[in-house]
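As stored in run34.tsv (TSV, C-alpha atoms):
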```tsv
chain	number	residue	atom	x	y	z
A	1	MET	CA	99.64	87.39	116.83
A	2	SER	CA	96.93	90.05	116.70
A	3	GLU	CA	99.11	92.15	114.38
A	4	LEU	CA	99.76	89.18	112.08
A	5	ARG	CA	96.02	88.52	111.91
A	6	GLN	CA	95.31	92.17	111.05
A	7	ILE	CA	97.89	92.18	108.23
A	8	LEU	CA	96.81	88.78	106.90
A	9	ALA	CA	93.11	89.69	106.86
A	10	ALA	CA	93.76	93.04	105.14
A	11	GLU	CA	96.06	91.39	102.59
A	12	PHE	CA	93.49	88.69	101.81
A	13	VAL	CA	90.91	91.39	101.02
A	14	SER	CA	93.50	93.35	99.03
A	15	LEU	CA	94.51	90.33	96.93
A	16	THR	CA	90.92	89.41	96.20
A	17	GLY	CA	90.23	93.02	95.18
A	18	GLY	CA	93.40	92.99	93.06
A	19	LEU	CA	92.22	89.86	91.27
A	20	LEU	CA	88.93	91.63	90.61
A	21	ALA	CA	90.84	94.61	89.19
A	22	GLY	CA	92.78	92.12	87.02
A	23	LEU	CA	89.55	90.73	85.62
A	24	MET	CA	88.35	94.32	84.97
A	25	LEU	CA	91.63	95.18	83.27
A	26	SER	CA	91.42	92.20	80.94
A	27	SER	CA	87.84	93.08	80.02
A	28	ILE	CA	88.59	96.73	79.03
A	29	LYS	CA	91.94	96.26	77.33
A	30	HIS	CA	90.49	96.94	73.87
A	31	GLU	CA	88.90	100.23	74.99
A	32	ILE	CA	92.12	101.37	76.64
A	33	ALA	CA	94.04	100.69	73.45
A	34	LEU	CA	91.74	103.09	71.56
A	35	VAL	CA	92.84	106.17	73.55
A	36	PRO	CA	96.38	107.30	72.66
A	37	GLY	CA	98.52	107.79	75.77
A	38	LEU	CA	96.12	106.09	78.17
A	39	LEU	CA	98.41	103.10	78.62
A	40	ILE	CA	101.26	105.48	79.44
A	41	LEU	CA	99.06	107.37	81.89
A	42	LEU	CA	97.56	104.28	83.56
A	43	PRO	CA	100.46	102.96	85.73
A	44	GLY	CA	101.44	106.44	86.96
A	45	PHE	CA	97.81	107.31	87.63
A	46	LEU	CA	97.21	104.14	89.66
A	47	GLU	CA	100.43	104.80	91.54
A	48	MET	CA	99.43	108.42	92.28
A	49	ARG	CA	96.03	107.49	93.75
A	50	GLY	CA	97.49	104.75	95.97
A	51	ASN	CA	100.28	107.06	97.11
A	52	LEU	CA	98.01	110.01	97.91
A	53	SER	CA	95.60	107.89	99.94
A	54	GLY	CA	98.43	105.86	101.48
A	55	THR	CA	100.36	108.93	102.66
A	56	LEU	CA	97.18	110.62	103.92
A	57	SER	CA	96.38	107.50	105.91
A	58	ALA	CA	99.95	107.22	107.27
A	59	ARG	CA	100.04	110.92	108.29
A	60	LEU	CA	96.71	110.64	110.12
A	61	SER	CA	97.75	107.36	111.72
A	62	SER	CA	101.06	108.78	112.98
A	63	ALA	CA	99.23	111.88	114.30
A	64	LEU	CA	96.66	109.69	116.08
A	65	HIS	CA	99.41	107.54	117.65
A	66	LEU	CA	101.26	110.70	118.76
A	67	GLY	CA	98.05	112.24	120.12
A	68	THR	CA	98.32	115.42	118.02
A	69	ILE	CA	94.85	114.81	116.55
A	70	ASP	CA	91.82	113.19	118.12
A	71	SER	CA	88.92	113.97	115.80
A	72	LEU	CA	87.89	114.72	112.25
A	73	LYS	CA	87.41	118.36	113.26
A	74	SER	CA	91.05	118.89	114.36
A	75	GLN	CA	92.80	121.64	112.39
A	76	ILE	CA	95.68	119.24	111.53
A	77	THR	CA	93.20	116.73	110.07
A	78	LYS	CA	91.67	119.48	107.91
A	79	ASP	CA	95.14	120.62	106.80
A	80	TYR	CA	96.13	117.09	105.78
A	81	ILE	CA	92.89	116.75	103.79
A	82	MET	CA	93.45	120.11	102.06
A	83	SER	CA	97.07	119.11	101.24
A	84	THR	CA	95.80	115.91	99.60
A	85	ILE	CA	93.21	117.83	97.53
A	86	ILE	CA	95.91	120.25	96.29
A	87	LEU	CA	98.29	117.38	95.52
A	88	THR	CA	95.51	115.52	93.64
A	89	LEU	CA	94.97	118.51	91.32
A	90	LEU	CA	98.69	119.20	90.82
A	91	LEU	CA	99.57	115.57	90.13
A	92	GLY	CA	96.54	114.89	87.93
A	93	THR	CA	97.52	117.84	85.72
A	94	SER	CA	101.22	116.90	85.70
A	95	LEU	CA	100.53	113.28	84.75
A	96	GLY	CA	98.25	114.41	81.93
A	97	VAL	CA	100.97	116.69	80.59
A	98	ILE	CA	103.53	113.87	80.83
A	99	ALA	CA	101.23	111.46	78.97
A	100	TYR	CA	100.62	114.13	76.30
A	101	ALA	CA	104.37	114.74	75.96
A	102	ALA	CA	104.93	110.99	75.56
A	103	ASN	CA	102.16	110.99	72.94
A	104	ILE	CA	103.94	113.69	70.94
A	105	LEU	CA	107.20	111.74	71.15
A	106	LEU	CA	105.36	108.74	69.70
A	107	GLY	CA	104.02	110.90	66.88
A	108	LEU	CA	100.46	111.14	68.23
A	109	ASN	CA	98.48	114.27	69.05
A	110	TYR	CA	95.70	113.82	71.59
A	111	PRO	CA	95.57	116.80	74.02
A	112	ASN	CA	92.37	115.47	75.62
A	113	ILE	CA	94.57	113.08	77.59
A	114	ILE	CA	95.36	116.03	79.92
A	115	LEU	CA	91.65	116.63	80.60
A	116	ILE	CA	91.07	112.90	81.05
A	117	SER	CA	93.81	112.81	83.68
A	118	ILE	CA	92.48	115.87	85.55
A	119	MET	CA	88.87	114.67	85.49
A	120	ALA	CA	89.77	111.12	86.57
A	121	SER	CA	91.93	112.55	89.40
A	122	ILE	CA	89.05	114.67	90.69
A	123	LEU	CA	86.57	111.79	90.43
A	124	SER	CA	88.83	109.29	92.21
A	125	GLY	CA	89.87	111.86	94.85
A	126	ALA	CA	86.26	112.77	95.60
A	127	PHE	CA	85.68	109.15	96.58
A	128	MET	CA	89.03	108.10	98.04
A	129	ILE	CA	89.83	111.05	100.36
A	130	PRO	CA	86.64	110.85	102.50
A	131	VAL	CA	86.81	107.03	102.59
A	132	THR	CA	90.46	107.08	103.73
A	133	VAL	CA	89.91	109.69	106.45
A	134	TYR	CA	86.78	108.02	107.78
A	135	PHE	CA	88.33	104.55	107.99
A	136	VAL	CA	91.57	105.70	109.68
A	137	PHE	CA	89.55	107.28	112.51
A	138	PHE	CA	87.08	104.40	112.64
A	139	LEU	CA	89.81	101.74	112.89
A	140	PHE	CA	91.82	103.70	115.46
A	141	LYS	CA	88.75	104.19	117.66
A	142	LYS	CA	87.95	100.47	117.43
A	143	GLY	CA	91.44	99.67	118.77
A	144	TYR	CA	93.05	98.58	115.50
A	145	ASP	CA	96.31	99.96	114.16
A	146	PRO	CA	95.46	101.74	110.85
A	147	ASP	CA	99.11	101.26	109.75
A	148	ASN	CA	98.47	97.50	109.47
A	149	ILE	CA	95.20	97.73	107.63
A	150	MET	CA	94.82	100.93	105.59
A	151	GLY	CA	97.72	100.39	103.15
A	152	PRO	CA	96.29	97.26	101.53
A	153	TYR	CA	92.74	98.62	101.51
A	154	VAL	CA	93.53	102.02	99.98
A	155	THR	CA	95.68	100.57	97.20
A	156	THR	CA	93.06	97.98	96.27
A	157	ILE	CA	90.06	100.28	96.47
A	158	GLY	CA	92.18	102.95	94.77
A	159	ASP	CA	92.94	100.64	91.83
A	160	ILE	CA	89.29	99.80	91.26
A	161	ILE	CA	88.13	103.43	91.71
A	162	CYS	CA	90.88	104.67	89.39
A	163	MET	CA	89.83	102.25	86.66
A	164	VAL	CA	86.19	103.31	87.01
A	165	SER	CA	87.18	107.04	87.08
A	166	LEU	CA	89.29	106.65	83.96
A	167	ILE	CA	86.50	104.80	82.14
A	168	ILE	CA	84.03	107.59	83.08
A	169	ALA	CA	86.48	110.35	82.05
A	170	VAL	CA	87.20	108.63	78.72
A	171	ALA	CA	83.47	108.16	78.08
A	172	ILE	CA	82.72	111.85	78.82
A	173	LEU	CA	85.64	113.32	76.89
B	1	MET	CA	97.79	128.59	102.64
B	2	ASN	CA	98.85	127.67	106.17
B	3	LYS	CA	102.27	126.37	107.16
B	4	LEU	CA	101.40	122.66	107.53
B	5	ILE	CA	99.59	122.50	104.16
B	6	TYR	CA	102.49	124.27	102.45
B	7	LYS	CA	105.07	121.98	104.10
B	8	THR	CA	103.13	118.80	103.25
B	9	VAL	CA	102.53	119.81	99.62
B	10	LYS	CA	106.13	120.99	99.22
B	11	GLU	CA	107.63	117.81	100.73
B	12	SER	CA	105.28	115.46	98.89
B	13	PHE	CA	104.93	116.90	95.38
B	14	ALA	CA	108.41	116.19	94.03
B	15	ILE	CA	108.55	112.62	95.34
B	16	LEU	CA	105.00	111.87	94.16
B	17	ILE	CA	105.61	113.10	90.63
B	18	ILE	CA	108.95	111.26	90.43
B	19	THR	CA	107.35	108.02	91.66
B	20	SER	CA	104.47	108.33	89.20
B	21	ILE	CA	106.98	108.75	86.37
B	22	ILE	CA	108.92	105.70	87.62
B	23	SER	CA	105.69	103.66	87.50
B	24	SER	CA	105.01	104.86	83.96
B	25	VAL	CA	108.51	103.71	82.96
B	26	GLY	CA	107.64	100.31	84.44
B	27	GLY	CA	104.66	100.23	82.08
B	28	PHE	CA	107.03	100.47	79.13
B	29	GLY	CA	108.92	97.42	80.54
B	30	LEU	CA	105.73	95.42	80.63
B	31	ALA	CA	104.92	96.48	77.08
B	32	ALA	CA	108.20	94.85	76.01
B	33	ILE	CA	106.83	91.39	76.87
B	34	GLU	CA	103.27	92.28	75.88
B	35	THR	CA	102.77	89.52	73.30
B	36	LYS	CA	103.91	86.72	75.62
B	37	PHE	CA	102.22	88.30	78.61
B	38	LEU	CA	98.80	88.56	76.93
B	39	LYS	CA	98.89	84.87	75.99
B	40	ILE	CA	99.17	83.77	79.64
B	41	VAL	CA	95.72	84.57	81.03
B	42	PRO	CA	96.48	83.74	84.71
B	43	LEU	CA	99.32	86.28	84.58
B	44	ILE	CA	97.03	89.07	83.33
B	45	ILE	CA	94.58	88.27	86.13
B	46	LEU	CA	97.18	88.14	88.89
B	47	PHE	CA	99.26	91.09	87.66
B	48	PRO	CA	97.39	93.97	89.42
B	49	ALA	CA	97.11	91.90	92.61
B	50	LEU	CA	100.81	91.03	92.56
B	51	ASN	CA	101.69	94.68	91.98
B	52	ASP	CA	99.36	95.73	94.77
B	53	MET	CA	100.69	93.09	97.14
B	54	ILE	CA	104.30	94.24	96.85
B	55	GLY	CA	103.14	97.86	97.18
B	56	ASP	CA	101.07	96.86	100.24
B	57	PHE	CA	104.11	95.36	101.92
B	58	GLY	CA	106.04	98.54	101.12
B	59	THR	CA	103.22	100.64	102.63
B	60	ILE	CA	102.88	98.49	105.76
B	61	ILE	CA	106.64	98.41	106.34
B	62	ALA	CA	107.06	102.13	105.68
B	63	SER	CA	104.17	103.32	107.85
B	64	LYS	CA	105.03	100.91	110.71
B	65	TYR	CA	108.67	101.90	110.55
B	66	THR	CA	107.78	105.62	110.58
B	67	THR	CA	105.61	105.12	113.67
B	68	ILE	CA	108.47	103.19	115.35
B	69	LEU	CA	110.87	106.02	114.46
B	70	PHE	CA	108.56	108.67	115.91
B	71	LEU	CA	107.75	106.72	119.07
B	72	LYS	CA	111.15	105.17	119.86
B	73	GLY	CA	113.69	107.13	117.80
B	74	ILE	CA	116.68	105.71	115.92
B	75	LYS	CA	118.57	102.71	117.22
B	76	LYS	CA	122.18	102.30	116.11
B	77	LYS	CA	121.68	98.66	115.16
B	78	TRP	CA	118.22	98.66	113.63
B	79	TRP	CA	118.35	94.92	112.87
B	80	LYS	CA	118.35	94.27	116.64
B	81	SER	CA	115.07	96.13	117.14
B	82	LYS	CA	112.40	93.78	118.56
B	83	GLU	CA	109.61	95.63	116.73
B	84	LEU	CA	111.40	95.36	113.37
B	85	ARG	CA	112.13	91.65	113.85
B	86	THR	CA	108.47	90.99	114.56
B	87	LEU	CA	107.55	93.05	111.50
B	88	PHE	CA	109.98	91.03	109.31
B	89	LYS	CA	108.56	87.71	110.53
B	90	ASN	CA	104.95	88.81	110.01
B	91	ILE	CA	105.56	90.21	106.54
B	92	GLY	CA	107.55	87.10	105.51
B	93	PHE	CA	104.74	84.78	106.59
B	94	VAL	CA	102.02	86.87	104.93
B	95	ALA	CA	104.11	87.11	101.72
B	96	LEU	CA	104.39	83.33	101.45
B	97	ILE	CA	100.70	82.66	102.07
B	98	SER	CA	99.71	85.49	99.70
B	99	ALA	CA	101.89	84.19	96.84
B	100	LEU	CA	100.31	80.72	97.11
B	101	TYR	CA	96.76	82.15	97.30
B	102	LEU	CA	97.33	84.46	94.35
B	103	SER	CA	98.72	81.84	92.00
B	104	THR	CA	96.09	79.22	92.86
B	105	ILE	CA	93.09	81.57	92.51
B	106	SER	CA	94.38	83.10	89.25
B	107	ILE	CA	94.65	79.61	87.74
B	108	PHE	CA	91.08	78.82	88.76
B	109	LEU	CA	89.77	82.16	87.44
B	110	SER	CA	91.55	81.69	84.11
B	111	GLY	CA	90.12	78.19	83.64
B	112	GLU	CA	93.58	76.85	82.69
B	113	LEU	CA	93.60	74.05	85.24
B	114	GLU	CA	96.94	72.41	84.44
B	115	ILE	CA	99.46	71.35	87.09
B	116	LYS	CA	102.36	72.40	84.82
B	117	ILE	CA	101.02	75.96	84.47
B	118	LEU	CA	100.13	76.11	88.17
B	119	ILE	CA	103.71	75.20	89.13
B	120	LYS	CA	105.17	77.79	86.73
B	121	ILE	CA	102.82	80.54	87.95
B	122	MET	CA	103.55	79.59	91.58
B	123	ALA	CA	107.29	79.73	90.93
B	124	ILE	CA	107.09	83.15	89.24
B	125	THR	CA	104.86	84.57	91.99
B	126	SER	CA	106.92	83.13	94.86
B	127	ILE	CA	110.32	84.23	93.48
B	128	ALA	CA	109.02	87.71	92.68
B	129	THR	CA	107.36	88.04	96.10
B	130	VAL	CA	110.40	86.93	98.13
B	131	VAL	CA	112.89	89.10	96.22
B	132	LEU	CA	110.68	92.18	96.17
B	133	THR	CA	109.68	91.91	99.85
B	134	VAL	CA	113.35	91.94	100.87
B	135	VAL	CA	113.92	94.94	98.56
B	136	MET	CA	110.95	96.76	100.17
B	137	LEU	CA	112.27	96.11	103.68
B	138	LEU	CA	115.71	97.48	102.84
B	139	ILE	CA	114.37	100.55	101.01
B	140	ALA	CA	111.95	101.42	103.83
B	141	ILE	CA	114.57	101.13	106.57
B	142	ILE	CA	117.53	102.78	104.82
B	143	GLY	CA	115.37	105.48	103.17
B	144	GLY	CA	113.40	106.06	106.39
B	145	LEU	CA	116.54	106.58	108.46
B	146	TYR	CA	117.97	108.96	105.86
B	147	VAL	CA	114.82	111.11	105.66
B	148	TYR	CA	114.25	111.07	109.44
B	149	LYS	CA	117.83	112.18	110.15
B	150	ARG	CA	117.34	115.13	107.79
B	151	GLY	CA	114.38	116.34	109.86
B	152	HIS	CA	111.64	115.50	107.34
B	153	ASN	CA	108.50	113.45	107.95
B	154	PRO	CA	109.18	109.95	106.50
B	155	ASP	CA	105.40	109.52	105.95
B	156	ASN	CA	105.69	112.04	103.10
B	157	TYR	CA	108.45	110.08	101.32
B	158	LEU	CA	108.54	106.40	102.22
B	159	ILE	CA	105.20	105.16	100.91
B	160	PRO	CA	105.50	106.81	97.47
B	161	MET	CA	109.11	105.64	97.26
B	162	THR	CA	108.49	102.00	98.23
B	163	THR	CA	105.30	101.58	96.17
B	164	SER	CA	106.75	103.07	92.99
B	165	ILE	CA	109.93	101.02	93.30
B	166	ALA	CA	107.65	98.03	93.98
B	167	ASP	CA	105.77	98.77	90.74
B	168	LEU	CA	108.92	99.19	88.71
B	169	THR	CA	110.80	96.20	90.17
B	170	SER	CA	107.80	93.87	89.96
B	171	MET	CA	107.44	94.70	86.26
B	172	ILE	CA	111.18	94.14	85.78
B	173	MET	CA	110.98	90.83	87.67
B	174	LEU	CA	108.06	89.73	85.52
B	175	SER	CA	109.83	90.72	82.32
B	176	ILE	CA	112.75	88.50	83.42
B	177	LEU	CA	110.81	85.57	84.91
B	178	VAL	CA	108.06	85.20	82.27
B	179	PRO	CA	110.46	84.47	79.36
B	180	LEU	CA	112.39	82.11	81.66
B	181	PHE	CA	109.40	79.96	82.56
B	182	PHE	CA	107.26	80.26	79.40
```

Could you rewrite the structure in this file as structure tokens?
Amino acid sequence: MSELRQILAAEFVSLTGGLLAGLMLSSIKHEIALVPGLLILLPGFLEMRGNLSGTLSARLSSALHLGTIDSLKSQITKDYIMSTIILTLLLGTSLGVIAYAANILLGLNYPNIILISIMASILSGAFMIPVTVYFVFFLFKKGYDPDNIMGPYVTTIGDIICMVSLIIAVAIL
Amino acid sequence: MNKLIYKTVKESFAILIITSIISSVGGFGLAAIETKFLKIVPLIILFPALNDMIGDFGTIIASKYTTILFLKGIKKKWWKSKELRTLFKNIGFVALISALYLSTISIFLSGELEIKILIKIMAITSIATVVLTVVMLLIAIIGGLYVYKRGHNPDNYLIPMTTSIADLTSMIMLSILVPLFF
């Protein structure tokens, strides 16, 4: 019953956040349409952020359950964080290149989409990685199972942060 | 670069880039019903939440299943596992409640307070949720067993796999269900 409550509570927050992201999406649809390739980049970008934070959270959670890490200062924790930073940069660049390639196929030429993707990846990662790590340890120490809670939270927060990061990157570039 | 960082990046990169591409392909599917989709305001509002919800179930199932695999190993008949049965029941219940919550709130937020639209939105959300939750469960278990048996860490594969397939299939489901109901 406790597990059901944990999942239900996390999902309620996630759905409410998702509805908020939906309202945000509908309000910026005209701006998004002005940047060639952004619509192609958007789903993959949202997916990437959720996946990176989700896998980081799952790795830390499994390690905590197995007892191979016990604090933020453990070497394994630091290695998992560093892996996520490297993956953020690699994937941000790759997604930008893919969006640019799709642009060219559609007869458009907007190379800035690569920079937008890299900058938005760095911005969203700078927020999401510390938040994910902190909450996994916090929840585990409080006796909750991060596996039940983190997934919904990181995808929802990730969606909102990604939208904000993309808007900032588009505005700057 | 130390061994664990190299292993994690190496195991994760390919699957993450593939899953991001799969999600982008899903975006093209949604674009195919763009005109109809943009006319139904409650659908625009609930779309990210619906997408997230299916991805959330994929993430919960995948990470719980990975922990079960690490702690208790593989059972020959996974469907007889007590932990998995509890997980199925919990996810099923949460899926049903979530679908009802999502459709009702999106109607209120859109301001289109019509019973006919509410029923249609509820039907689309419920059908999509039930079908996609079952798909997520099967992918997590079959994929998890496959990866675990090969000596890899399922945490590096399962979540990206289930969430991207959730993205793609939910967009496919919407592109089928929306023209059917509207």

Practice item. Rank nothing, just name the residue among B:Lys36, B:Thr129, B:Ile105, B:Lys82 nearest to chain A, using all atoms listed in the file. Key: B:Ile105

Practice item. Kindly provide, as a PyMOL selection string, the residues of chain A having any atom no farther than 8 Å from an atom of chain B, counting all atoms listed in the file. Key: chain A and resi 4+7-8+11-12+14-23+26+39-45+47-48+51+54-55+58-59+62+65-66+76+79-80+82-84+86-87+91+94-95+147-149+151-152+155-156

Check your understanding: In Å, how far is it from atom CA of A:Val97 to atom CA of A:Ile114?
Key ->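 If I compute the distance from atom CA of A:Val97 to atom CA of A:Ile114, I get 5.7 Å.
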
Point to revise | Residues within 6 Å of (99.9, 105.8, 72.2), counting all atoms listed in the file, listed as an MDAnalysis selection string | key: chainID A and resid 36:37 103

Check your understanding: Separation of atom CA of A:Leu123 and atom CA of A:Ser165, in Å?
Key ->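 These two atoms are separated by 5.8 Å.
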
Review point. In Å, how far is it from atom CA of A:Leu173 to atom CA of A:Leu115?
Key: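 Taking atom CA of A:Leu173 as the start and atom CA of A:Leu115 as the end point, the length is 7.8 Å.
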
Practice item. Pull the neighbourhood of (89.3, 110.7, 94.6) for me: all residues within 9 Å in file coordinates, counting only C-alpha atoms, as a list of chain:residue names. Key: A:Arg49, A:Ser53, A:Ile85, A:Thr88, A:Ala120, A:Ser121, A:Ile122, A:Leu123, A:Ser124, A:Gly125, A:Ala126, A:Phe127, A:Met128, A:Ile129, A:Pro130, A:Gly158, A:Ile161, A:Cys162, A:Ser165
